[in-house]
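A short write-up of the structure that comes next.
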Amino acid sequence: MLFNSLEFLLFLPTVFAAYWILNRWTDRPRGLQAQNFLLLVSSYVFYGWWDWRFLSLIAFSTLVDYAVGIQIAKANAREIPADADESARSRTAKRWLWVSLAVNLGLLGYFKYANFFIESWVKAWESLGVSMHVSTLHIVLPVGISFYTFQTLSYSIDIYRRKLNPTRNLIDFAAFVSFFPQLVAGPIERASALLPQIQRRRQFDAEVASSGLRLILWGLFKKVVIADTCAIFVNDVFDHHHEYSGPTLILGAVYFAFQIYGDFSGYSDIAIGTARLFGITLMTNFRTPYFARDIAEFWRRWHISLSTWFRDYLYIPLGGSRVGKWKAVRNTFVIFLVSGFWHGANWTFVVWGLIHALLFLPLLLMNRNLRNTGEIADGRWLPSLRELGGMAWTFSIVTLAWVFFRAENLNHALEFITHFGNRPGSLDKLSKTGAFWVTLMLCLEWGARVPTAWNRWRSSSVPMTAARWLIYALGVWLVMKNIQSQAEFIYFQF
Amino acid sequence: MKRFLLRVGLFLILMPLGWAVLFALAMMNSGIESRFIAQERNWGFVNAKSLEWAQLRHSTPFDVLAFGSSTCYSGIDPRAFEERDMKLFNFCSSSQSIPHSLPLIEAAFEDQTPEVLLLDVYPAIWDKETVSSEPVRDWIVNGNLWDTHWAKAYGKLTLASHAPFAWMIMLYYPFRRMLSPAGKNATEDPNGLYEGRGFVFRTFPALSEVPSDDPRDISMSSTVLEALIRISDLCESRGVKLMLINPPQLVEEVFDPSTVARDFVWIDGNQWPGAKRPSNFYDDHHLVGEGALRYSEWLSLQVTQIQKVP
């Protein structure tokens with residue numbers, strides 16, 4: 001079920017009403033269980049709406065990690081003395097962790113990467129002059145598999161590291177794995193953050209719920225008004241890049257930068273907003289990434305749940321940046337390449353990751369990767385020239401890298417970028433509507449950064465409330481106006 | 001919870017007031033209208049044909065009414081029919097499939113009952129189970145017919161399309177059209193000339209060779225079949241002769257007529273001698289203006305001959 005569909009418009013209020021009605025009995029035995037069971041069933045309906053057959057995959061992954069979690073904890077208790085330090089590990093627990101890794105990464109590998117490896121293998125032999133006749137498999141990629149796989153993995157790893165106790169309640173755990181707002185495209189929640197919220201009684205907070213509705217509206221606006229408007233221009237320019245001048249292609253790449261931001265951050269906002277309606281807090285996934293002053297800051301602001309996942313479960317275990325220069329370089333490449341590969345089984349994503357690694361590396365080697373950690377133009381309306389320059393440079397290189405992300409294959413990307421320079425001319429076309437909405441979004445996000453403006457906006461005075469509601473009404477109108485084709489979210493394919 | 005539900009309820013009640021402010025601004029400013037409500041357009045000239053029908057429907061009896069998609073509004077030229085003493089009005093519009101035609105036919109029959117109903121059924125849009133919103137918006141935004149029975153037709157189209165925005169603009173355009181007719185703020189169609197009686201003369205350059213396109217095998221969806229049967233029943237009850245037309249295509253869409261195995265009268269446009277001549281087309285299934293006139297001369301002959309059969 002898509003967030004931008006009529007079905008969801010009916011589904012959400014129905015589940016919301018049933019959920020909070022059940023909440024009345026959550027202080028009684030089994031009351032909370034009933035509410036969590038409702039969450040679980042709703043999540044399975046939400047996912048099954050797309051293809052019910054793949055529910056079995058989620059259920060299988062859930063059962064495996066549920067059992068593995070318990071076994072790891074038992075092994076830890078058996079083999080590690082109570083006074084041992086944090087780094088002590090149990091060998092049996094490690095074996096169980098491998099079971100979880102093998103099952104989850106095996107499923108991910110089969111459904112997402114099997115064809116890619118077969119094709120790459122065949123091509124590699126063909127490049128050596130050996131022709132092979134191997135047919136690829138007809139595999140449908142289950143929506144959201146990369147997201148829920150990482151979520152369940154974090155659970156097993158955290159128990160192995162003794163940072164989390166396993167739950168013995170299967171319904172709670174299954175509800176954590178399949179929690180519908182973030183099931184198919186994140187944010188990728190840690191068990192330590194989401195599971196305790198599912199296990200305890202939720203309290204309805206009108207302010208939180210209202211903020212959830214606002215976030216849903218903002219997310220829908222970013223998806224259906226901004227991303228889908230940009231998509232029309234982007235699809236045309238990328239599909240017919242031979243026909244357009246260099247400036248038009250550059251504009252196509254810029255629009256794609258906003259398309260993917262609107263699409264993915266829009267989804268995250270809707271997910272976070274929806275979760276708030278159920279009294280559950282999800283982590284922030286985007287913090288105005290295009291205002292980043294360098295590439296390191298960009299990665300602290302873009303798809304935060306994934307980048308922190310890789311940081312905690314891959315980069316730091318490899319030694320992070322505290323293991324000497326060469327190992328830090330290696331670790332940087334590993335994390336960015338894996339991140340690229342996570343996005344899809346295509347060399348374009350690997351190159352995209354490689355570009356980011358190459359851009360990040362100089363900052364790391366010069367110890368400048370943590371230079372920009374504060375708020376941009378903190379306490380000021382306008383950025384300094386230096387900040388503006390940093391933002392412009394970062395946006396330019398990120399946009400250039402996005403070409404690889406969007407292109408069908410490496411040749412397509414290289415041709416596209418080559419035409420930037422060797423196809424002089426004026427703009428062949430311009431999506432004025434797209435430019436208008438993108439500018440509006442950037443202005444609003446920039447304004448929201450200044451606390452005084454934000455507080456004034458949230459004032460409860462009657463004129464301000466009326467103005468706010470008028471704008472929300474206009475927002476609903478615009479979303480409905482653009483919500484025609486029910487375009488899927490880009491990140492569903494990952 | 002009560003406070004939250006109260007606020008949400010109040011917002012939902014007051015939301016149309018916000019929209020009313022937008023409507024008022026849009027009625028005063030075409031830029032706001034085109035950006036926030038909808039952009040009028042001339043593609044298919046629904047504005048001009050609906051205005052012309054509004055003027056002629058009570059004064060000029062038409063022998064033939066035509067409904068269908070773009071292959072029809074730029075393919076069936078009423079001048080060819082007039083040469084055989086038949087008055088034809090072309091109600092076709094972009095992507096108008098059979099389920100779209102049904103409510104429009106019902107409304108047109110309220111205005112007058114013709115002798116023949118031509119239903120141009122381009123097979124490529126037969127297989128859709130859903131009713132697309134594009135033609136619905138086309139008639140609401142560009143239509144100049146807002147009598148009760150036409151508004152009812154748009155309402156039915158809106159419900160069938162499940163497009164929320166089509167429902168919402170139904171709140172705006174009845175009032176908007178009281179102020180000025182559709183067509184004043186429409187974007188130009190540089191390759192179309194409105195020639196009257198609903199016909200659009202296409203000025204695209206003609207093809208010089210048959211384009212490469214894979215023929216598609218298409219079967220009719222249940223939604224389309226149901227609408228077709230209802231149109232047939234309506235025609236029967238009104239004594240109107242229904243004729244289905246498969247428009248000429250350079251690269252033919254392969255379809256199975258047995259899926260619509262009723263006693264329908266079929267005219268296969270691909271039997272027209274010019275059907276495989278690229279110079280009559282501007283793409284693989286749309287006719288240029290001159291090609292449309294030649295095809296319509298042939299078609300009008302077929303219609304006349306079928307009409308003679310008791």
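Chain labels A, B, ... are given in the sequence in which chains occur in the structure tokens; within each chain residues are numbered consecutively from 1, and ligands are likewise numbered from 1 in the order shown.
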Give me, as a JSON list (two decimals) with N, CA, C and O atoms, in the first residue's frame, the contact residues of chain A against chain B at a cut-off of 6 Å, counting only C-alpha atoms.
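Contents of out37.json, freshly written:
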```json
[["chain", "number", "residue", "atom", "x", "y", "z"],
["A", 206, "ALA", "N", -1.84, 14.85, 22.27],
["A", 206, "ALA", "CA", -2.47, 15.59, 21.17],
["A", 206, "ALA", "C", -1.45, 16.41, 20.39],
["A", 206, "ALA", "O", -1.52, 16.51, 19.17],
["A", 470, "LEU", "N", -5.03, 27.91, 7.01],
["A", 470, "LEU", "CA", -5.24, 28.25, 5.60],
["A", 470, "LEU", "C", -4.15, 27.59, 4.74],
["A", 470, "LEU", "O", -4.41, 27.03, 3.67],
["A", 473, "ALA", "N", -4.71, 23.91, 4.55],
["A", 473, "ALA", "CA", -5.81, 23.61, 3.60],
["A", 473, "ALA", "C", -5.27, 23.67, 2.17],
["A", 473, "ALA", "O", -5.60, 22.83, 1.33],
["A", 480, "MET", "N", -3.66, 16.77, -3.12],
["A", 480, "MET", "CA", -4.73, 16.08, -3.85],
["A", 480, "MET", "C", -4.62, 16.37, -5.35],
["A", 480, "MET", "O", -4.88, 15.51, -6.17],
["A", 481, "LYS", "N", -4.24, 17.58, -5.67],
["A", 481, "LYS", "CA", -4.13, 17.97, -7.10],
["A", 481, "LYS", "C", -3.08, 17.12, -7.81],
["A", 481, "LYS", "O", -3.25, 16.72, -8.94]]
```
Next on the checklist: Env of Ile267 (chain B): 9 Å cut, atoms = only C-alpha atoms, seq-sep filter 3 positions within chain, self excluded. Answer as a list in words.
Outcome noted: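 That gives Met243, Leu244, Ile245, Asn246, Pro247, Asn270, Gln271, Leu299, Gln302 and Val303 of chain B.
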Would you mind exporting the chosen residues as a short mmCIF file (atom, residue, chain, number, x, y, z; two decimals), in the first residue's frame, restricted to all heavy atoms?
```
data_model
loop_
_atom_site.label_atom_id
_atom_site.label_comp_id
_atom_site.auth_asym_id
_atom_site.auth_seq_id
_atom_site.Cartn_x
_atom_site.Cartn_y
_atom_site.Cartn_z
N MET B 243 -22.74 1.56 -33.85
CA MET B 243 -21.70 0.99 -34.71
C MET B 243 -20.35 1.18 -34.03
O MET B 243 -20.00 2.29 -33.64
CB MET B 243 -21.68 1.69 -36.07
CG MET B 243 -22.97 1.54 -36.84
SD MET B 243 -22.86 2.32 -38.45
CE MET B 243 -24.60 2.43 -38.90
N LEU B 244 -19.63 0.08 -33.90
CA LEU B 244 -18.29 0.17 -33.31
C LEU B 244 -17.26 0.29 -34.42
O LEU B 244 -17.35 -0.42 -35.43
CB LEU B 244 -17.99 -1.08 -32.49
CG LEU B 244 -18.97 -1.44 -31.38
CD1 LEU B 244 -18.46 -2.64 -30.59
CD2 LEU B 244 -19.17 -0.27 -30.44
N ILE B 245 -16.32 1.16 -34.20
CA ILE B 245 -15.29 1.37 -35.23
C ILE B 245 -13.92 1.07 -34.66
O ILE B 245 -13.53 1.61 -33.63
CB ILE B 245 -15.29 2.84 -35.71
CG1 ILE B 245 -16.67 3.22 -36.24
CG2 ILE B 245 -14.23 3.06 -36.79
CD1 ILE B 245 -16.84 4.69 -36.44
N ASN B 246 -13.21 0.21 -35.35
CA ASN B 246 -11.79 0.02 -35.03
C ASN B 246 -11.03 0.98 -35.94
O ASN B 246 -11.00 0.79 -37.15
CB ASN B 246 -11.40 -1.43 -35.30
CG ASN B 246 -9.94 -1.69 -34.97
OD1 ASN B 246 -9.35 -1.00 -34.14
ND2 ASN B 246 -9.36 -2.67 -35.62
N PRO B 247 -10.45 2.05 -35.40
CA PRO B 247 -9.84 3.05 -36.27
C PRO B 247 -8.63 2.49 -37.02
O PRO B 247 -7.99 1.54 -36.55
CB PRO B 247 -9.42 4.16 -35.30
CG PRO B 247 -9.28 3.49 -34.01
CD PRO B 247 -10.24 2.36 -33.98
N ASN B 270 -9.24 -0.65 -40.62
CA ASN B 270 -8.06 -1.18 -41.31
C ASN B 270 -8.39 -1.72 -42.70
O ASN B 270 -7.49 -2.03 -43.48
CB ASN B 270 -7.41 -2.27 -40.46
CG ASN B 270 -6.81 -1.68 -39.20
OD1 ASN B 270 -5.97 -0.79 -39.25
ND2 ASN B 270 -7.30 -2.13 -38.05
N GLN B 271 -9.71 -1.82 -42.99
CA GLN B 271 -10.12 -2.23 -44.34
C GLN B 271 -10.12 -1.04 -45.30
O GLN B 271 -10.23 -1.21 -46.51
CB GLN B 271 -11.55 -2.82 -44.30
CG GLN B 271 -11.70 -4.02 -43.38
CD GLN B 271 -10.83 -5.18 -43.81
OE1 GLN B 271 -10.70 -5.48 -44.99
NE2 GLN B 271 -10.17 -5.81 -42.84
N LEU B 299 -15.56 5.99 -44.47
CA LEU B 299 -16.35 5.60 -43.30
C LEU B 299 -17.82 5.98 -43.48
O LEU B 299 -18.72 5.19 -43.15
CB LEU B 299 -15.77 6.28 -42.04
CG LEU B 299 -16.47 5.96 -40.73
CD1 LEU B 299 -16.28 4.50 -40.35
CD2 LEU B 299 -15.91 6.84 -39.60
N GLN B 302 -19.52 3.49 -45.49
CA GLN B 302 -19.82 2.26 -44.73
C GLN B 302 -21.05 2.46 -43.86
O GLN B 302 -21.93 1.59 -43.81
CB GLN B 302 -18.63 1.88 -43.82
CG GLN B 302 -17.27 1.79 -44.48
CD GLN B 302 -17.25 0.84 -45.66
OE1 GLN B 302 -17.65 -0.31 -45.54
NE2 GLN B 302 -16.80 1.33 -46.81
N VAL B 303 -21.12 3.62 -43.23
CA VAL B 303 -22.25 3.89 -42.33
C VAL B 303 -23.54 3.92 -43.13
O VAL B 303 -24.56 3.34 -42.73
CB VAL B 303 -22.02 5.22 -41.57
CG1 VAL B 303 -23.27 5.62 -40.79
CG2 VAL B 303 -20.83 5.12 -40.64
#
```
Next on the checklist: I'd like to know which residues of region 207-278 of chain B are alpha helix (DSSP H) (by DSSP, run on the backbone); could you write them as an MDAnalysis selection string?
Outcome noted: chainID B and resid 222:238
Could you write out that same residue set with C-alpha atoms as a PDB file, in the first residue's frame?
```pdb
ATOM      1  CA  SER B 222     -14.356  -6.487 -17.876  1.00  0.00           C
ATOM      2  CA  THR B 223     -14.862  -2.795 -16.992  1.00  0.00           C
ATOM      3  CA  VAL B 224     -14.801  -1.826 -20.649  1.00  0.00           C
ATOM      4  CA  LEU B 225     -17.022  -4.713 -21.691  1.00  0.00           C
ATOM      5  CA  GLU B 226     -19.604  -3.843 -19.045  1.00  0.00           C
ATOM      6  CA  ALA B 227     -19.701  -0.216 -20.211  1.00  0.00           C
ATOM      7  CA  LEU B 228     -20.035  -1.351 -23.819  1.00  0.00           C
ATOM      8  CA  ILE B 229     -23.004  -3.551 -22.977  1.00  0.00           C
ATOM      9  CA  ARG B 230     -24.659  -0.671 -21.142  1.00  0.00           C
ATOM     10  CA  ILE B 231     -24.152   1.626 -24.120  1.00  0.00           C
ATOM     11  CA  SER B 232     -25.626  -1.042 -26.362  1.00  0.00           C
ATOM     12  CA  ASP B 233     -28.678  -1.393 -24.092  1.00  0.00           C
ATOM     13  CA  LEU B 234     -29.118   2.378 -24.001  1.00  0.00           C
ATOM     14  CA  CYS B 235     -28.991   2.579 -27.797  1.00  0.00           C
ATOM     15  CA  GLU B 236     -31.463  -0.247 -28.108  1.00  0.00           C
ATOM     16  CA  SER B 237     -33.910   1.439 -25.735  1.00  0.00           C
ATOM     17  CA  ARG B 238     -33.635   4.689 -27.696  1.00  0.00           C
TER      18      ARG B 238
END
```
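Nearest to Glu297 (chain B) of all the residues B:Arg57, B:Lys49, B:Arg84, B:Arg197 is B:Arg84, counting only C-alpha atoms.
Rounded to one decimal, CA of Lys128 (chain B) and CA of Ile226 (chain A) lie 28.2 Å from each other.
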Checklist entry - Which polymer residues have any atom within 9 Å of an atom of region 148-157 of chain A, counting only C-alpha atoms, with same-chain residues fewer than 2 positions away left out, as a PyMOL selection string? => result chain A and resi 58+61-62+65-66+68-69+72+96-97+100-101+104-105+107-108+144-146+159-164+166+176-178+182-186+188-192+306+309+313
